[in-house]
Amino acid sequence: MPITALLELDLNPETLEEALPILGESLNQTRQRPGCVSVDVLVDRSGNGHVLIVEVWESMEDDDNYRAWRATPEGAPADMSQYITGPPKLAWYDARADV
């Protein structure tokens with residue numbers, strides 16, 4: 001069953017336009033991983049630097065494999081520490097057709 005992972009990032013609003021292409025490069029790698037159905041990036045219109053990344057995976061196992069790959073030197077994402085202003089938040093969701 002597909003799962004949705006939501007990753008919330010708080011980026012420095014003053015460097016947001018500089019950070020987004022760097023984030024995009026990492027997300028292009030994500031899109032190529034086995035089991036990745038889609039990745040969308042939502043940027044808060046208020047200009048506060050809040051970004052929501054919506055990832056849909058074919059299964060929790062695919063997401064687990066992706067997260068394990070990201071923890072390796074080969075899969076490590078670009079260093080965004082100079083742009084991030086707070087801890088990222090990650091949560092997983094199941095779509096419920098019965099509700």
# chains A, B, ... in the order shown; residues from 1 in each chain; ligands from 1
call {"tool": "residues_around", "arguments": {"residues": "Arg96 (chain A)", "least_positions_apart": "2", "cutoff": "12 Å", "atoms": "only C-alpha atoms", "output": "number ranges by chain"}}
result
A: 1-4, 93-94, 98-99
call {"tool": "select_by_dssp", "arguments": {"residues": "chain A", "states": "strand (DSSP E)", "output": "VMD selection string"}}
result
chain A and resid 3 to 10 36 to 43 50 to 57 89 to 94
call {"tool": "write_last_selection", "arguments": {"atoms": "C-alpha atoms", "output": "compact mmCIF listing (two decimals), in the first residue's frame"}}
result
# COMPACT_ATOMS: atom_id res chain seq x y z
CA ILE A 3 2.51 5.72 1.92
CA THR A 4 3.04 9.46 2.01
CA ALA A 5 5.99 11.02 3.83
CA LEU A 6 5.76 14.69 4.76
CA LEU A 7 9.03 16.49 5.44
CA GLU A 8 8.77 20.00 6.84
CA LEU A 9 11.75 22.33 6.57
CA ASP A 10 12.18 25.84 7.89
CA CYS A 36 9.33 6.58 -5.41
CA VAL A 37 5.98 7.48 -6.95
CA SER A 38 6.25 11.27 -6.69
CA VAL A 39 7.90 14.17 -4.88
CA ASP A 40 6.27 17.60 -4.66
CA VAL A 41 7.67 20.72 -3.03
CA LEU A 42 5.29 23.24 -1.48
CA VAL A 43 6.65 26.64 -0.45
CA HIS A 50 8.52 27.12 5.43
CA VAL A 51 8.78 24.28 2.89
CA LEU A 52 6.77 21.07 2.79
CA ILE A 53 8.07 18.12 0.79
CA VAL A 54 5.43 15.54 -0.08
CA GLU A 55 6.86 12.15 -1.04
CA VAL A 56 4.71 9.22 -2.12
CA TRP A 57 6.29 5.77 -1.91
CA LYS A 89 10.02 17.28 10.89
CA LEU A 90 9.21 13.98 9.18
CA ALA A 91 5.95 12.04 9.42
CA TRP A 92 4.35 9.20 7.47
CA TYR A 93 0.70 8.90 6.47
CA ASP A 94 -1.58 6.23 5.03
call {"tool": "select_by_dssp", "arguments": {"residues": "chain A", "states": "alpha helix (DSSP H)", "output": "list in words"}}
result
Leu16, Glu17, Glu18, Ala19, Leu20, Pro21, Ile22, Leu23, Gly24, Glu25, Ser26, Leu27, Asn28, Gln29, Thr30, Arg31, Met60, Glu61, Asp62, Asp63, Asp64, Asn65, Tyr66, Arg67, Ala68, Trp69 and Arg70 of chain A
call {"tool": "write_last_selection", "arguments": {"atoms": "N, CA and C atoms", "output": "short mmCIF file (atom, residue, chain, number, x, y, z; two decimals), in the first residue's frame"}}
result
data_model
loop_
_atom_site.label_atom_id
_atom_site.label_comp_id
_atom_site.auth_asym_id
_atom_site.auth_seq_id
_atom_site.Cartn_x
_atom_site.Cartn_y
_atom_site.Cartn_z
N LEU A 16 16.23 31.75 0.72
CA LEU A 16 15.34 30.71 0.20
C LEU A 16 15.59 30.45 -1.28
N GLU A 17 15.68 31.50 -2.08
CA GLU A 17 15.86 31.32 -3.52
C GLU A 17 17.21 30.69 -3.85
N GLU A 18 18.18 30.87 -3.01
CA GLU A 18 19.49 30.22 -3.17
C GLU A 18 19.41 28.75 -2.76
N ALA A 19 18.62 28.45 -1.74
CA ALA A 19 18.53 27.09 -1.19
C ALA A 19 17.69 26.17 -2.06
N LEU A 20 16.65 26.67 -2.70
CA LEU A 20 15.73 25.80 -3.43
C LEU A 20 16.39 25.00 -4.54
N PRO A 21 17.28 25.57 -5.35
CA PRO A 21 17.93 24.74 -6.38
C PRO A 21 18.81 23.63 -5.78
N ILE A 22 19.43 23.89 -4.66
CA ILE A 22 20.25 22.87 -3.98
C ILE A 22 19.34 21.75 -3.48
N LEU A 23 18.23 22.14 -2.88
CA LEU A 23 17.25 21.15 -2.44
C LEU A 23 16.74 20.35 -3.63
N GLY A 24 16.49 21.04 -4.73
CA GLY A 24 15.99 20.37 -5.93
C GLY A 24 16.93 19.31 -6.46
N GLU A 25 18.23 19.55 -6.38
CA GLU A 25 19.20 18.55 -6.82
C GLU A 25 19.08 17.27 -5.99
N SER A 26 18.95 17.44 -4.68
CA SER A 26 18.78 16.26 -3.81
C SER A 26 17.46 15.54 -4.11
N LEU A 27 16.42 16.31 -4.35
CA LEU A 27 15.12 15.70 -4.60
C LEU A 27 15.07 15.00 -5.96
N ASN A 28 15.87 15.44 -6.92
CA ASN A 28 15.96 14.72 -8.18
C ASN A 28 16.53 13.32 -7.96
N GLN A 29 17.47 13.19 -7.03
CA GLN A 29 17.98 11.87 -6.66
C GLN A 29 16.88 11.04 -6.00
N THR A 30 16.10 11.69 -5.14
CA THR A 30 15.00 10.99 -4.47
C THR A 30 14.03 10.43 -5.51
N ARG A 31 13.70 11.22 -6.51
CA ARG A 31 12.74 10.80 -7.53
C ARG A 31 13.22 9.58 -8.31
N MET A 60 6.14 1.20 2.61
CA MET A 60 6.98 1.65 3.72
C MET A 60 8.39 1.08 3.57
N GLU A 61 8.50 -0.13 3.04
CA GLU A 61 9.81 -0.73 2.81
C GLU A 61 10.64 0.11 1.83
N ASP A 62 10.00 0.61 0.77
CA ASP A 62 10.72 1.48 -0.17
C ASP A 62 11.20 2.75 0.52
N ASP A 63 10.36 3.33 1.35
CA ASP A 63 10.75 4.53 2.09
C ASP A 63 11.90 4.21 3.06
N ASP A 64 11.80 3.08 3.76
CA ASP A 64 12.87 2.68 4.68
C ASP A 64 14.19 2.51 3.93
N ASN A 65 14.14 1.86 2.77
CA ASN A 65 15.36 1.67 1.97
C ASN A 65 15.94 3.01 1.52
N TYR A 66 15.06 3.93 1.15
CA TYR A 66 15.51 5.26 0.75
C TYR A 66 16.19 5.98 1.92
N ARG A 67 15.57 5.96 3.09
CA ARG A 67 16.14 6.65 4.26
C ARG A 67 17.49 6.02 4.63
N ALA A 68 17.59 4.69 4.51
CA ALA A 68 18.87 4.02 4.80
C ALA A 68 19.93 4.46 3.80
N TRP A 69 19.56 4.59 2.53
CA TRP A 69 20.49 5.04 1.50
C TRP A 69 20.95 6.47 1.79
N ARG A 70 20.05 7.33 2.21
CA ARG A 70 20.39 8.72 2.52
C ARG A 70 21.39 8.81 3.68
#
call {"tool": "atom_distance", "arguments": {"atom1": "CA of Ile84 (chain A)", "atom2": "CA of Asn48 (chain A)"}}
result
12.0 Å
call {"tool": "closest_residue", "arguments": {"among": "A:Thr72, A:Gly35, A:Pro87, A:Gly47", "to": "Ser59 (chain A)", "atoms": "only C-alpha atoms"}}
result
A:Gly35
